[in-house]
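Undergrad: Contents of input.cif (mmCIF, C-alpha atoms):
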```
data_coords
loop_
_atom_site.label_atom_id
_atom_site.label_comp_id
_atom_site.auth_asym_id
_atom_site.auth_seq_id
_atom_site.Cartn_x
_atom_site.Cartn_y
_atom_site.Cartn_z
CA MET A 1027 0.00 0.00 0.00
CA LYS A 1028 2.95 2.34 0.53
CA ILE A 1029 3.66 2.08 -3.20
CA LEU A 1030 0.09 3.18 -3.96
CA PHE A 1031 0.40 6.14 -1.61
CA ASN A 1032 3.78 7.37 -2.85
CA SER A 1033 3.54 6.59 -6.56
CA THR A 1034 -0.15 7.21 -7.24
CA PHE A 1035 -1.97 9.10 -4.48
CA MET A 1036 0.47 11.96 -3.90
CA PRO A 1037 1.30 12.54 -7.60
CA ALA A 1038 -2.44 12.70 -8.27
CA ALA A 1039 -2.69 15.47 -5.66
CA ASP A 1040 -0.33 17.57 -7.78
CA ILE A 1041 -2.58 17.11 -10.81
CA VAL A 1042 -5.76 18.09 -8.94
CA TYR A 1043 -3.87 21.04 -7.43
CA HIS A 1044 -3.57 22.67 -10.87
CA HIS A 1045 -7.23 22.16 -11.82
CA ARG A 1046 -9.24 23.18 -8.74
CA ALA A 1047 -8.80 26.54 -7.01
CA TRP A 1048 -10.49 25.36 -3.81
CA PHE A 1049 -8.22 22.31 -3.67
CA ARG A 1050 -5.17 24.58 -3.95
CA ARG A 1051 -6.52 26.57 -1.02
CA GLU A 1052 -6.99 23.47 1.14
CA THR A 1053 -3.59 21.94 0.39
CA ARG A 1054 -1.81 25.24 1.02
CA LYS A 1055 -3.63 25.73 4.29
CA TYR A 1056 -3.55 22.18 5.68
CA LYS A 1057 -1.19 19.23 5.61
CA LEU A 1058 -2.68 15.84 4.82
CA HIS A 1059 -3.58 14.10 8.07
CA PRO A 1060 -0.73 11.69 8.95
CA VAL A 1061 -3.23 8.92 9.76
CA VAL A 1062 -3.97 8.63 6.01
CA GLU A 1063 -0.48 7.43 5.12
CA ALA A 1064 -0.54 5.08 8.13
CA ALA A 1065 -3.88 3.69 6.95
CA PHE A 1066 -2.43 3.03 3.47
CA GLU A 1067 0.13 0.78 5.19
CA VAL A 1068 -2.74 -1.44 6.40
CA CYS A 1069 -5.03 -1.75 3.40
CA ARG A 1070 -6.28 -0.09 0.22
CA PRO A 1071 -9.04 2.56 0.59
CA ASP A 1072 -12.41 1.94 -1.04
CA ASP A 1073 -12.03 4.96 -3.36
CA TRP A 1074 -8.70 6.75 -3.15
CA HIS A 1075 -9.86 9.36 -5.68
CA GLN A 1076 -12.65 10.50 -3.34
CA LEU A 1077 -10.28 10.37 -0.37
CA LEU A 1078 -7.84 12.61 -2.23
CA LEU A 1079 -10.49 15.23 -3.05
CA GLU A 1080 -11.63 15.33 0.58
CA TRP A 1081 -8.05 16.18 1.65
CA PRO A 1082 -8.47 15.08 5.31
CA ASN A 1083 -6.49 17.13 7.80
CA ILE A 1084 -6.16 17.82 11.52
CA SER A 1085 -9.13 19.82 12.79
CA GLU A 1086 -8.12 23.32 13.87
CA GLY A 1087 -10.79 23.39 16.58
CA ASP A 1088 -10.00 19.96 18.02
CA PRO A 1089 -6.63 18.34 17.16
CA ALA A 1090 -8.00 14.96 18.25
CA ARG A 1091 -10.56 15.05 15.39
CA LEU A 1092 -10.30 15.15 11.62
CA ALA A 1093 -11.66 17.71 9.14
CA TYR A 1094 -12.36 17.11 5.44
CA THR A 1095 -14.09 18.63 2.41
CA ARG A 1096 -17.20 16.52 1.75
CA ASP A 1097 -17.71 17.35 -1.94
CA GLU A 1098 -17.18 19.88 -4.72
CA ARG A 1099 -19.87 22.25 -3.46
CA ALA A 1100 -18.42 22.20 0.05
CA GLY A 1101 -15.00 22.98 -1.39
CA GLU A 1102 -16.24 25.95 -3.35
CA ALA A 1103 -18.11 27.18 -0.25
CA ASP A 1104 -14.98 26.71 1.90
CA ARG A 1105 -16.95 24.45 4.27
CA GLN A 1106 -15.37 21.49 6.06
CA THR A 1107 -16.90 18.60 7.97
CA VAL A 1108 -15.37 17.56 11.29
CA THR A 1109 -15.54 13.96 12.52
CA THR A 1110 -13.62 11.45 14.58
CA ILE A 1111 -10.59 9.71 13.11
CA GLY A 1112 -12.16 6.31 13.70
CA LYS A 1113 -15.35 7.13 11.81
CA TYR A 1114 -13.41 8.57 8.89
CA LEU A 1115 -11.20 5.50 8.61
CA THR A 1116 -14.23 3.21 8.76
CA ARG A 1117 -15.92 5.18 5.95
CA HIS A 1118 -12.94 5.00 3.59
CA PHE A 1119 -11.21 1.76 4.61
CA SER A 1120 -14.05 -0.73 4.99
CA ASP A 1121 -11.64 -3.69 4.84
CA MET A 1122 -9.56 -2.42 7.75
CA PRO A 1123 -9.94 -4.63 10.87
CA ASP A 1124 -11.74 -2.94 13.77
CA HIS A 1125 -8.75 -3.23 16.08
CA LYS A 1126 -6.55 -1.45 13.52
CA VAL A 1127 -9.08 1.36 13.21
CA ARG A 1128 -9.13 1.68 17.00
CA ASP A 1129 -5.32 1.68 17.27
CA LEU A 1130 -4.81 4.28 14.53
CA ALA A 1131 -7.53 6.50 15.98
CA ALA A 1132 -5.94 6.30 19.42
CA LEU A 1133 -2.38 6.83 18.17
CA TYR A 1134 -3.12 9.81 15.94
CA GLY A 1135 -5.80 11.37 18.14
CA SER A 1136 -3.44 12.17 21.01
CA ASN A 1137 -0.72 14.77 21.46
CA GLY A 1138 0.93 12.99 24.39
CA GLU A 1139 4.46 11.61 24.64
CA CYS A 1140 5.09 7.89 25.15
CA ARG A 1141 8.34 6.40 26.46
CA PHE A 1142 9.89 3.60 28.51
CA VAL A 1143 11.40 3.86 32.01
CA HIS A 1144 13.82 1.25 33.31
CA THR A 1145 14.60 2.08 36.95
CA MET A 1146 12.54 1.25 40.02
CA ALA A 1147 12.59 4.88 41.15
CA GLU A 1148 11.02 5.96 37.84
CA MET A 1149 8.51 3.11 37.87
CA LEU A 1150 7.34 4.02 41.38
CA HIS A 1151 7.18 7.69 40.43
CA HIS A 1152 4.76 7.03 37.57
CA LEU A 1153 2.85 4.37 39.54
CA LEU A 1154 2.09 6.69 42.46
CA ARG A 1155 1.44 9.82 40.39
CA GLY A 1156 -0.38 8.31 37.45
CA PRO A 1157 -3.65 6.47 36.76
CA SER A 1158 -5.41 4.98 39.77
CA SER A 1159 -5.16 1.28 40.59
CA CYS A 1160 -5.04 -0.89 43.68
CA MET A 1161 -1.22 -0.53 43.71
CA SER A 1162 -1.04 3.23 43.09
CA THR A 1163 -1.01 4.18 46.78
CA ASP A 1164 2.09 4.36 48.94
CA ARG A 1165 1.50 1.16 50.96
CA GLN A 1166 5.00 0.19 52.02
CA HIS A 1167 5.84 -2.83 54.17
CA THR A 1168 8.86 -3.35 56.39
CA CYS A 1169 10.69 -6.45 55.18
CA ASP A 1170 12.70 -8.82 57.37
CA ASP A 1171 15.96 -7.12 56.29
CA GLY A 1172 14.67 -3.84 57.75
CA VAL A 1173 14.06 -2.14 54.40
CA MET A 1174 10.71 -0.46 53.68
CA ARG A 1175 9.43 -1.64 50.30
CA HIS A 1176 6.40 -0.99 48.12
CA PRO A 1177 4.84 -4.25 46.80
CA TYR A 1178 5.63 -3.07 43.24
CA GLU A 1179 9.34 -3.39 43.99
CA VAL A 1180 9.14 -7.13 43.33
CA TYR A 1181 9.16 -6.13 39.62
CA ASP A 1182 12.90 -5.54 39.78
CA PRO A 1183 14.35 -4.14 36.50
CA SER A 1184 17.30 -6.56 36.86
CA LEU A 1185 14.78 -9.33 36.08
CA GLY A 1186 13.68 -7.65 32.84
CA TRP A 1187 10.75 -5.61 34.17
CA HIS A 1188 10.19 -2.05 32.93
CA MET A 1189 7.31 0.35 32.33
CA ALA A 1190 5.81 2.20 29.38
CA VAL A 1191 4.29 5.58 30.24
CA ARG A 1192 2.31 8.25 28.42
CA LEU A 1193 2.73 11.87 29.46
CA GLU A 1194 0.66 14.96 28.74
CA PHE A 1195 2.08 18.30 29.87
CA GLY A 1196 4.38 16.45 32.26
CA LYS A 1197 1.53 14.49 33.87
CA THR A 1198 1.47 10.68 33.80
CA VAL A 1199 -1.82 9.82 32.10
CA GLY A 1200 -1.06 6.24 31.05
CA ARG A 1201 1.16 3.36 32.09
CA ALA A 1202 1.75 -0.33 31.40
CA LEU A 1203 4.07 -2.81 33.11
CA CYS A 1204 6.28 -4.57 30.55
CA HIS A 1205 8.66 -7.49 30.41
CA GLY A 1206 10.74 -8.30 27.35
CA LYS A 1207 8.50 -7.37 24.44
CA MET A 1208 5.12 -7.92 26.12
CA PHE A 1209 2.54 -6.41 28.48
CA VAL A 1210 -0.80 -7.63 29.82
CA ARG A 1211 -2.78 -4.44 30.37
CA SER A 1212 -2.58 -0.68 30.47
CA TYR A 1213 -4.04 2.01 32.73
CA LYS A 1214 -5.41 5.37 31.60
CA TYR A 1215 -6.08 8.37 33.83
CA ASN A 1216 -9.79 8.71 34.58
CA PRO A 1217 -10.73 12.38 35.17
CA ASN A 1218 -13.98 11.26 36.80
CA GLY A 1219 -12.21 9.18 39.42
CA GLY A 1220 -12.80 5.49 40.01
CA GLY A 1221 -11.18 2.71 38.01
CA SER A 1222 -8.68 3.28 35.22
CA PRO A 1223 -9.77 2.07 31.77
CA THR A 1224 -7.49 0.72 29.04
CA ASP A 1225 -5.15 3.28 27.48
CA GLU A 1226 -5.68 2.60 23.77
CA THR A 1227 -3.15 5.26 22.77
CA LEU A 1228 -0.34 3.77 24.83
CA GLU A 1229 -1.18 0.25 23.64
CA ALA A 1230 -1.14 1.39 20.00
CA TRP A 1231 2.27 2.98 20.60
CA LEU A 1232 3.57 -0.21 22.24
CA GLU A 1233 2.51 -2.14 19.15
CA THR A 1234 4.61 0.20 17.00
CA GLN A 1235 7.55 -0.63 19.29
CA GLY A 1236 7.14 -4.35 18.58
CA TYR A 1237 5.36 -5.23 21.84
CA ASP A 1238 2.59 -7.83 22.08
CA LYS A 1239 -0.37 -7.74 24.45
CA GLU A 1240 -0.51 -11.05 26.28
CA TYR A 1241 -2.71 -12.30 29.10
CA ARG A 1242 -0.21 -14.04 31.31
CA TRP A 1243 3.22 -13.72 32.86
CA ASP A 1244 3.73 -17.49 33.05
CA GLY A 1245 7.30 -18.46 33.98
CA LEU A 1246 8.55 -14.93 34.74
CA LYS A 1247 10.40 -14.15 37.94
CA ILE A 1248 9.70 -11.54 40.60
CA MET A 1249 11.70 -10.79 43.72
CA HIS A 1250 10.83 -12.71 46.90
CA TYR A 1251 10.68 -10.47 50.00
CA ILE A 1252 9.32 -11.51 53.42
CA THR A 1253 7.73 -8.88 55.64
CA ARG A 1254 8.44 -8.69 59.35
CA GLY A 1255 4.95 -10.02 59.86
CA GLY A 1256 5.94 -13.20 58.02
CA ASP A 1257 3.93 -12.47 54.87
CA THR A 1258 5.22 -12.60 51.30
CA LEU A 1259 5.42 -9.16 49.67
CA ALA A 1260 3.46 -9.14 46.41
CA PRO A 1261 1.29 -6.73 44.41
CA PHE A 1262 -2.05 -7.50 42.85
CA ILE A 1263 -0.83 -9.12 39.63
CA ASP A 1264 -2.67 -8.32 36.40
CA GLY A 1265 -3.37 -11.02 33.85
CA GLU A 1266 -4.27 -14.66 34.28
CA ASP A 1267 -1.15 -15.77 36.17
CA LYS A 1268 -1.89 -14.63 39.72
CA TYR A 1269 -0.14 -17.57 41.33
CA ALA A 1270 3.49 -17.97 42.32
CA THR A 1271 5.87 -20.66 43.47
CA LYS A 1272 9.10 -20.09 45.36
CA LYS A 1273 12.24 -20.93 43.41
CA GLY A 1274 15.50 -20.01 45.10
CA ASP A 1275 15.50 -16.29 45.92
CA TYR A 1276 12.62 -15.58 43.55
CA LEU A 1277 8.94 -16.26 42.99
CA VAL A 1278 7.97 -17.70 39.61
CA LEU A 1279 4.58 -16.62 38.27
CA THR A 1280 2.26 -19.35 37.02
CA ASP A 1281 -1.36 -20.13 36.19
CA ASP A 1282 -1.23 -23.22 38.40
CA ARG A 1283 -3.91 -22.83 41.09
CA ASP A 1284 -2.05 -25.37 43.21
CA ALA A 1285 0.98 -23.06 43.48
CA GLU A 1286 2.18 -21.93 46.92
CA TYR A 1287 0.90 -18.35 46.73
CA THR A 1288 -1.96 -16.36 45.30
CA CYS A 1289 -1.01 -12.77 44.38
CA ASP A 1290 -4.43 -11.16 44.13
CA ASN A 1291 -4.60 -9.07 47.29
CA THR A 1292 -4.74 -5.29 47.19
CA GLY A 1293 -3.03 -5.05 50.58
CA GLY A 1294 0.40 -5.81 49.15
CA THR A 1295 1.00 -9.34 50.39
CA ALA A 1296 0.39 -12.77 48.88
CA SER A 1297 -1.90 -15.32 50.47
CA GLU A 1298 -1.68 -19.05 50.66
CA ASN A 1299 -3.62 -20.71 47.89
CA ASN A 1300 -6.25 -22.27 50.09
CA GLY A 1301 -9.54 -20.53 49.31
CA GLN A 1302 -11.49 -18.19 47.05
CA ARG A 1303 -10.91 -14.47 47.19
CA CYS A 1304 -12.52 -11.46 45.55
CA GLU A 1305 -10.78 -10.68 42.26
CA ASP A 1306 -11.09 -6.94 42.97
CA CYS A 1307 -10.29 -6.30 46.62
CA GLY A 1308 -8.65 -9.59 47.66
CA ASP A 1309 -11.06 -10.25 50.53
CA ARG A 1310 -12.07 -13.85 51.11
CA VAL A 1311 -15.37 -14.87 49.57
CA ASP A 1312 -17.26 -17.54 51.49
CA GLU A 1313 -18.55 -20.52 49.58
CA GLY A 1314 -21.89 -19.71 47.98
CA ASP A 1315 -21.39 -15.96 48.30
CA GLY A 1316 -20.10 -13.44 45.80
CA TYR A 1317 -20.83 -12.85 42.13
CA TRP A 1318 -19.28 -14.15 38.93
CA VAL A 1319 -18.60 -11.14 36.71
CA ASN A 1320 -17.51 -10.15 33.16
CA SER A 1321 -19.00 -11.35 29.89
CA GLY A 1322 -17.69 -14.87 30.44
CA GLU A 1323 -18.58 -14.84 34.16
CA ASP A 1324 -15.02 -15.94 34.81
CA ALA A 1325 -14.12 -13.80 37.84
CA LEU A 1326 -15.51 -13.96 41.37
CA VAL A 1327 -16.02 -10.74 43.35
CA CYS A 1328 -17.51 -10.01 46.74
CA ASP A 1329 -20.92 -8.40 47.21
CA SER A 1330 -19.43 -4.99 47.99
CA CYS A 1331 -17.19 -4.87 44.90
CA CYS A 1332 -20.02 -6.10 42.67
CA HIS A 1333 -22.32 -3.37 44.02
CA HIS A 1334 -19.79 -0.55 43.56
CA ASN A 1335 -17.75 -1.63 40.53
CA TYR A 1336 -20.14 -3.48 38.22
CA THR A 1337 -23.38 -2.88 36.31
CA TYR A 1338 -25.86 -5.54 35.21
CA ALA A 1339 -25.82 -5.16 31.44
CA TYR A 1340 -26.61 -6.95 28.20
CA SER A 1341 -23.44 -8.58 26.95
CA ARG A 1342 -22.31 -11.39 24.67
CA ARG A 1343 -25.13 -13.07 22.71
CA ARG A 1344 -27.66 -10.79 24.46
CA HIS A 1345 -27.13 -12.47 27.82
CA GLN A 1346 -27.01 -10.26 30.88
CA ALA A 1347 -23.97 -10.21 33.14
CA HIS A 1348 -22.22 -8.00 35.68
CA ILE A 1349 -19.82 -5.83 33.62
CA GLY A 1350 -17.27 -3.32 34.94
CA ASN A 1351 -18.74 0.19 35.25
CA ASP A 1352 -16.10 1.61 32.89
CA TYR A 1353 -17.08 -0.78 30.11
CA VAL A 1354 -20.84 -0.27 29.85
CA VAL A 1355 -22.95 2.31 28.04
CA TYR A 1356 -26.50 3.40 28.80
CA VAL A 1357 -29.14 3.60 26.06
CA GLU A 1358 -31.97 5.83 27.20
CA SER A 1359 -34.58 4.60 24.73
CA GLN A 1360 -34.08 1.02 25.99
CA ASN A 1361 -33.66 2.01 29.66
CA ALA A 1362 -30.80 -0.52 29.78
CA HIS A 1363 -27.03 -0.81 29.99
CA TYR A 1364 -24.91 -2.63 27.42
CA ASP A 1365 -21.41 -4.12 27.38
CA GLU A 1366 -19.38 -1.85 25.06
CA ASP A 1367 -17.49 -4.89 23.71
CA TYR A 1368 -20.72 -6.55 22.49
CA LEU A 1369 -22.83 -3.68 21.16
CA ASP A 1370 -23.29 -5.48 17.82
CA ASP A 1371 -24.70 -8.54 19.59
CA ASN A 1372 -27.44 -6.33 21.00
CA ASP A 1373 -28.14 -4.16 17.91
CA ILE A 1374 -26.69 -1.04 19.51
CA VAL A 1375 -24.90 1.48 17.28
CA THR A 1376 -22.85 4.60 17.91
CA LEU A 1377 -24.54 7.68 16.52
CA GLU A 1378 -22.72 10.42 14.61
CA ASN A 1379 -22.87 12.61 17.74
CA GLY A 1380 -21.19 9.93 19.89
CA GLU A 1381 -24.34 8.78 21.69
CA TYR A 1382 -25.74 5.25 21.56
CA GLU A 1383 -29.03 3.98 20.16
CA HIS A 1384 -30.83 0.76 19.19
CA THR A 1385 -31.00 0.08 15.46
CA ASP A 1386 -34.82 0.11 15.67
CA ASN A 1387 -34.58 3.83 16.37
CA ALA A 1388 -31.68 4.70 14.06
CA VAL A 1389 -30.93 5.03 10.36
CA GLU A 1390 -27.62 4.74 8.54
CA ILE A 1391 -26.68 7.50 6.10
CA ASP A 1392 -23.28 7.58 4.37
CA ASN A 1393 -21.89 5.00 6.82
CA GLU A 1394 -22.90 7.05 9.87
CA TRP A 1395 -25.87 6.48 12.17
CA TYR A 1396 -28.54 9.02 13.18
CA ARG A 1397 -31.73 8.83 15.20
CA HIS A 1398 -34.61 8.44 12.77
CA ASP A 1399 -36.34 11.47 14.32
CA ASP A 1400 -33.23 13.68 14.22
CA ASP A 1401 -34.03 17.20 13.00
CA ASP A 1402 -31.15 16.87 10.51
CA VAL A 1403 -32.69 13.77 8.90
CA VAL A 1404 -35.58 13.63 6.40
CA CYS A 1405 -37.31 10.90 4.43
CA ASP A 1406 -37.11 11.54 0.69
CA HIS A 1407 -39.62 10.80 -2.08
CA ASN A 1408 -38.23 7.26 -2.41
CA GLY A 1409 -38.74 6.51 1.26
CA ASP A 1410 -35.02 6.68 1.93
CA TYR A 1411 -33.53 8.65 4.83
CA GLN A 1412 -31.20 11.49 3.88
CA LEU A 1413 -29.43 14.38 5.58
CA LEU A 1414 -31.46 17.56 5.37
CA ASP A 1415 -28.40 19.54 4.25
CA ASN A 1416 -28.16 17.34 1.14
CA CYS A 1417 -31.83 17.75 0.16
CA VAL A 1418 -34.33 20.28 -1.15
CA LYS A 1419 -38.07 20.46 -0.60
CA LEU A 1420 -40.05 19.80 -3.79
CA GLU A 1421 -43.13 21.76 -4.84
CA ASP A 1422 -45.32 18.85 -3.67
CA GLY A 1423 -43.83 18.99 -0.16
CA GLU A 1424 -41.63 15.90 -0.45
CA TYR A 1425 -37.82 15.90 -0.23
CA ALA A 1426 -35.20 14.86 -2.75
CA LEU A 1427 -31.44 14.98 -3.00
CA THR A 1428 -30.34 18.30 -4.41
CA ASP A 1429 -28.63 16.72 -7.41
CA GLU A 1430 -31.87 14.84 -8.28
CA ALA A 1431 -33.90 18.03 -8.69
CA TRP A 1432 -33.85 21.39 -10.43
CA LEU A 1433 -35.10 24.89 -9.52
CA CYS A 1434 -37.69 26.72 -11.58
CA ALA A 1435 -36.69 30.35 -12.09
CA GLY A 1436 -40.33 31.31 -12.58
CA SER A 1437 -42.00 29.74 -9.54
CA ALA A 1438 -38.94 29.37 -7.27
CA ASP A 1439 -40.06 25.77 -6.67
CA TRP A 1440 -37.96 22.63 -6.95
CA TYR A 1441 -39.01 19.78 -9.23
CA LEU A 1442 -37.81 16.20 -9.47
CA SER A 1443 -35.68 15.65 -12.58
CA ASP A 1444 -37.36 12.31 -13.29
CA ASP A 1445 -40.85 13.86 -13.14
CA VAL A 1446 -40.56 16.79 -15.48
CA ASP A 1447 -37.93 18.16 -17.86
CA PRO A 1448 -37.12 21.86 -17.50
CA VAL A 1449 -37.41 24.34 -20.35
CA VAL A 1450 -34.24 26.40 -20.72
CA VAL A 1451 -34.70 30.07 -21.61
CA ASP A 1452 -31.73 32.44 -21.68
CA GLY A 1453 -29.75 30.00 -19.53
CA GLU A 1454 -32.50 29.70 -16.87
CA THR A 1455 -34.58 26.57 -16.17
CA TYR A 1456 -38.39 26.82 -16.10
CA HIS A 1457 -41.29 24.50 -15.48
CA PRO A 1458 -43.42 24.27 -18.64
CA ASP A 1459 -46.24 26.10 -16.82
CA TYR A 1460 -43.96 29.04 -15.99
CA VAL A 1461 -42.07 29.61 -19.24
CA PRO A 1462 -41.98 33.38 -19.88
CA GLU A 1463 -43.48 34.74 -23.07
CA GLN A 1464 -40.93 35.61 -25.71
CA GLU A 1465 -41.20 38.32 -28.32
CA THR A 1466 -40.74 37.25 -31.95
CA GLU A 1467 -39.89 39.45 -34.92
CA SER A 1468 -42.60 39.92 -37.55
CA GLU A 1469 -41.90 38.58 -41.03
CA GLY A 1470 -40.81 41.14 -43.54
CA GLU A 1471 -39.45 43.67 -41.12
#
```
Rewrite the structure from the file as structure tokens, please.

TA:
Amino acid sequence: MKILFNSTFMPAADIVYHHRAWFRRETRKYKLHPVVEAAFEVCRPDDWHQLLLEWPNISEGDPARLAYTRDERAGEADRQTVTTIGKYLTRHFSDMPDHKVRDLAALYGSNGECRFVHTMAEMLHHLLRGPSSCMSTDRQHTCDDGVMRHPYEVYDPSLGWHMAVRLEFGKTVGRALCHGKMFVRSYKYNPNGGGSPTDETLEAWLETQGYDKEYRWDGLKIMHYITRGGDTLAPFIDGEDKYATKKGDYLVLTDDRDAEYTCDNTGGTASENNGQRCEDCGDRVDEGDGYWVNSGEDALVCDSCCHHNYTYAYSRRRHQAHIGNDYVVYVESQNAHYDEDYLDDNDIVTLENGEYEHTDNAVEIDNEWYRHDDDDVVCDHNGDYQLLDNCVKLEDGEYALTDEAWLCAGSADWYLSDDVDPVVVDGETYHPDYVPEQETESEGE
């Protein structure tokens, strides 16, 4: 696709530049949005000619969004349309996988800086001053050698552990623990407080660095420290491998539930693997109590955590389950919550304005969804929904696309091109009933 971009797309821009004044204005004023070239690396656009004429660029009003010239008339009127990067990519690159659309939108919709840190001091700095998590508080324990340690210090850089961080104006807004060329999850600053969602921007950047998102740390080592109280120092470990077995001076992470320790407590110490505990807070859950949560109902949480951290929502295959509060959306018309990962399963779509709606109450126009009763939407003479801005009202009160109709200079009414042919007089179009009388010269004069 890079060949197409460099040898065909950009040279074509030079040709159009010399034939359209409005296109010259746009290309002089704006640089082509960098996400376009990145998208060409993934797949071929549906119509690169149309993409070229739209000349997508970074929105002046909101750098996280994209602006483009919808058509020839918009170009001549110097009018641009602003949309999200993700929606624009979906409209022009229909073969692009959803996860690639998401990654490109996240990567090119942020002005933050991403980088790696490789010392424990730096890792603790970003942990304690960045996105919230159960380990982001200063909960040190005195170990049996007299040294005060934070549970996170078991991720010693000498064992290959490091951290990826995302900064905005010097503030840590995203982080991910890494080992080798992998990570299991990321944290993003939540301005509303509460849990930290996934940082799509940081994860997209990690992918560009050759890192893979895995779901387990199986076989990796962490430091083994004993507190003065006789407990094993350990953080709440993300991913599927929350168990550990002692091996020499280290603990080795594993998915074996019969291992010596379970590292799923938020208090900073491991527990013996002899019972069920809440996946969120680490408290013991008595047999028969608690709730199985997530779309696969694969995690057990206590009653308190379920009440505060989860919402009963429609999820995979329209089944209801307790889903994390940060991963559900509310649809007012349905008076129900939905798992954002399974909106398609429940016929929920994202509207052009960013809100959510059921497909029974929405219509799709130019690959974007609108409520069927939106003031900007009309039903045309064919029974199809169209954007009001693209239509005119005909003399019979119905609507039609502007390029399917013509305006009578005599009556100032619009008529459907397929219904009646205009009469052209002195360059003006007239309905046959409104053709002006014309003077004719008498013979012989």

Undergrad: Here's the selection I'm unsure about, the PyMOL selection byres ((chain A and resi 1127) around 10); applied to the file above, which residues does it give, as a ChimeraX atom specification?

TA: /A:1065,1068,1111-1116,1119-1120,1122-1126,1128-1133

Undergrad: Per residue of range 1140-1230 of chain A within 12 Å of range 1301-1307 of chain A, note the shortest atom pair and the distance in Å to one decimal, counting all atoms listed in the file, and order the rows by chain and increasing residue number, as a Markdown table.

TA:
```
| residue | atom | partner | partner_atom | distance |
| --- | --- | --- | --- | --- |
| A:Ser1159 | CA | A:Asp1306 | CA | 10.4 |
| A:Cys1160 | CA | A:Cys1307 | CA | 8.1 |
| A:Met1161 | CA | A:Cys1307 | CA | 11.1 |
| A:Gly1221 | CA | A:Asp1306 | CA | 10.9 |
```

Undergrad: Might you spell out which residues the PyMOL selection byres ((chain A and resi 1263) around 12) would select in the displayed file, as JSON, numbers by chain?

TA: {"A": [1159, 1160, 1161, 1177, 1178, 1180, 1181, 1203, 1209, 1210, 1211, 1241, 1242, 1243, 1244, 1248, 1259, 1260, 1261, 1262, 1264, 1265, 1266, 1267, 1268, 1269, 1270, 1279, 1280, 1281, 1287, 1288, 1289, 1290, 1291, 1292, 1293, 1294, 1295, 1296, 1305, 1306, 1308]}

Undergrad: Just the number, please: distance in Å from CA of Ser1341 in chain A to CA of Pro1223 in chain A, one decimal.

TA: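 Spanning CA of Ser1341 in chain A to CA of Pro1223 in chain A is a straight-line distance of 18.0 Å.
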
Undergrad: Quick one: of A:Cys1405, A:Cys1332, A:Leu1154, A:Cys1434, who's nearest to Val1461 in chain A, counting all atoms listed in the file?

TA: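 Under the stated criterion, the closest residue is A:Cys1434.
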
Undergrad: With only C-alpha atoms as the atoms that count, which of A:Asp1452, A:Glu1323, A:Glu1366, A:Glu1080 lies nearest to Leu1092 in chain A?

TA: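 Among A:Asp1452, A:Glu1323, A:Glu1366, A:Glu1080, it is A:Glu1080 that comes nearest to Leu1092 in chain A.
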
Undergrad: Range 1163-1168 of chain A: which residues within 7 Å, counting all atoms listed in the file, same-chain residues fewer than 2 positions away excluded, as a PDB file with C-alpha atoms, in the frame of the given file?

TA:
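And here is the file that came out, out.pdb:
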```pdb
ATOM      1  CA  LEU A1154       2.090   6.690  42.460  1.00  0.00           C
ATOM      2  CA  MET A1161      -1.220  -0.530  43.710  1.00  0.00           C
ATOM      3  CA  ASP A1170      12.700  -8.820  57.370  1.00  0.00           C
ATOM      4  CA  GLY A1172      14.670  -3.840  57.750  1.00  0.00           C
ATOM      5  CA  VAL A1173      14.060  -2.140  54.400  1.00  0.00           C
ATOM      6  CA  MET A1174      10.710  -0.460  53.680  1.00  0.00           C
ATOM      7  CA  ARG A1175       9.430  -1.640  50.300  1.00  0.00           C
ATOM      8  CA  HIS A1176       6.400  -0.990  48.120  1.00  0.00           C
ATOM      9  CA  PRO A1177       4.840  -4.250  46.800  1.00  0.00           C
ATOM     10  CA  THR A1253       7.730  -8.880  55.640  1.00  0.00           C
ATOM     11  CA  ARG A1254       8.440  -8.690  59.350  1.00  0.00           C
TER      12      ARG A1254
END
```

Undergrad: Which residues fall under the PyMOL selection byres ((chain A and resi 1412) around 12) in this file, as number ranges by chain?

TA: A: 1389-1411, 1413-1418, 1425-1428

Undergrad: Looking at all atoms listed in the file, which of A:Thr1337, A:Ser1359, A:Asp1315, A:Arg1344 is the one that sits closest to Asn1387 in chain A?

TA: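 Smallest distance to Asn1387 in chain A is found for A:Ser1359.
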
Undergrad: Can you measure CA of Thr1258 in chain A to CA of Asp1182 in chain A for me? One decimal in Å is fine.

TA: 15.5 Å

Undergrad: Can you measure CA of Asp1121 in chain A to CA of Cys1069 in chain A for me? One decimal in Å is fine.

TA: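 We find that CA of Asp1121 in chain A and CA of Cys1069 in chain A lie 7.0 Å from each other.
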
Undergrad: Of the candidates A:His1205, A:Phe1142, A:His1151, A:Asp1257, which one gets nearest to Trp1231 in chain A if we count all atoms listed in the file?

TA: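 With all atoms listed in the file as the atom set, the closest residue is A:Phe1142.
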
Undergrad: Ranking A:Glu1194, A:Asp1284, A:Glu1454, A:Asp1459 by minimum distance to Lys1214 in chain A and counting all atoms listed in the file, which one comes first?

TA: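 Closest to Lys1214 in chain A, using all atoms listed in the file: A:Glu1194.
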
Undergrad: Need the neighbours of (-23.2, -3.9, 29.0): which residues are at most 9 Å away, counting only C-alpha atoms, as a VMD selection string?

TA: chain A and resid 1321 1337 to 1342 1346 to 1351 1353 to 1356 1362 to 1369

Undergrad: Around all of range 1268-1273 of chain A's listed atoms, make the axis-aligned box with 3 Å on each side and tell me centre and edge lengths in Å to one decimal, as lines of an AutoDock Vina configuration file.

TA:
```
center_x = 5.2
center_y = -17.8
center_z = 42.5
size_x = 20.1
size_y = 12.3
size_z = 11.6
```
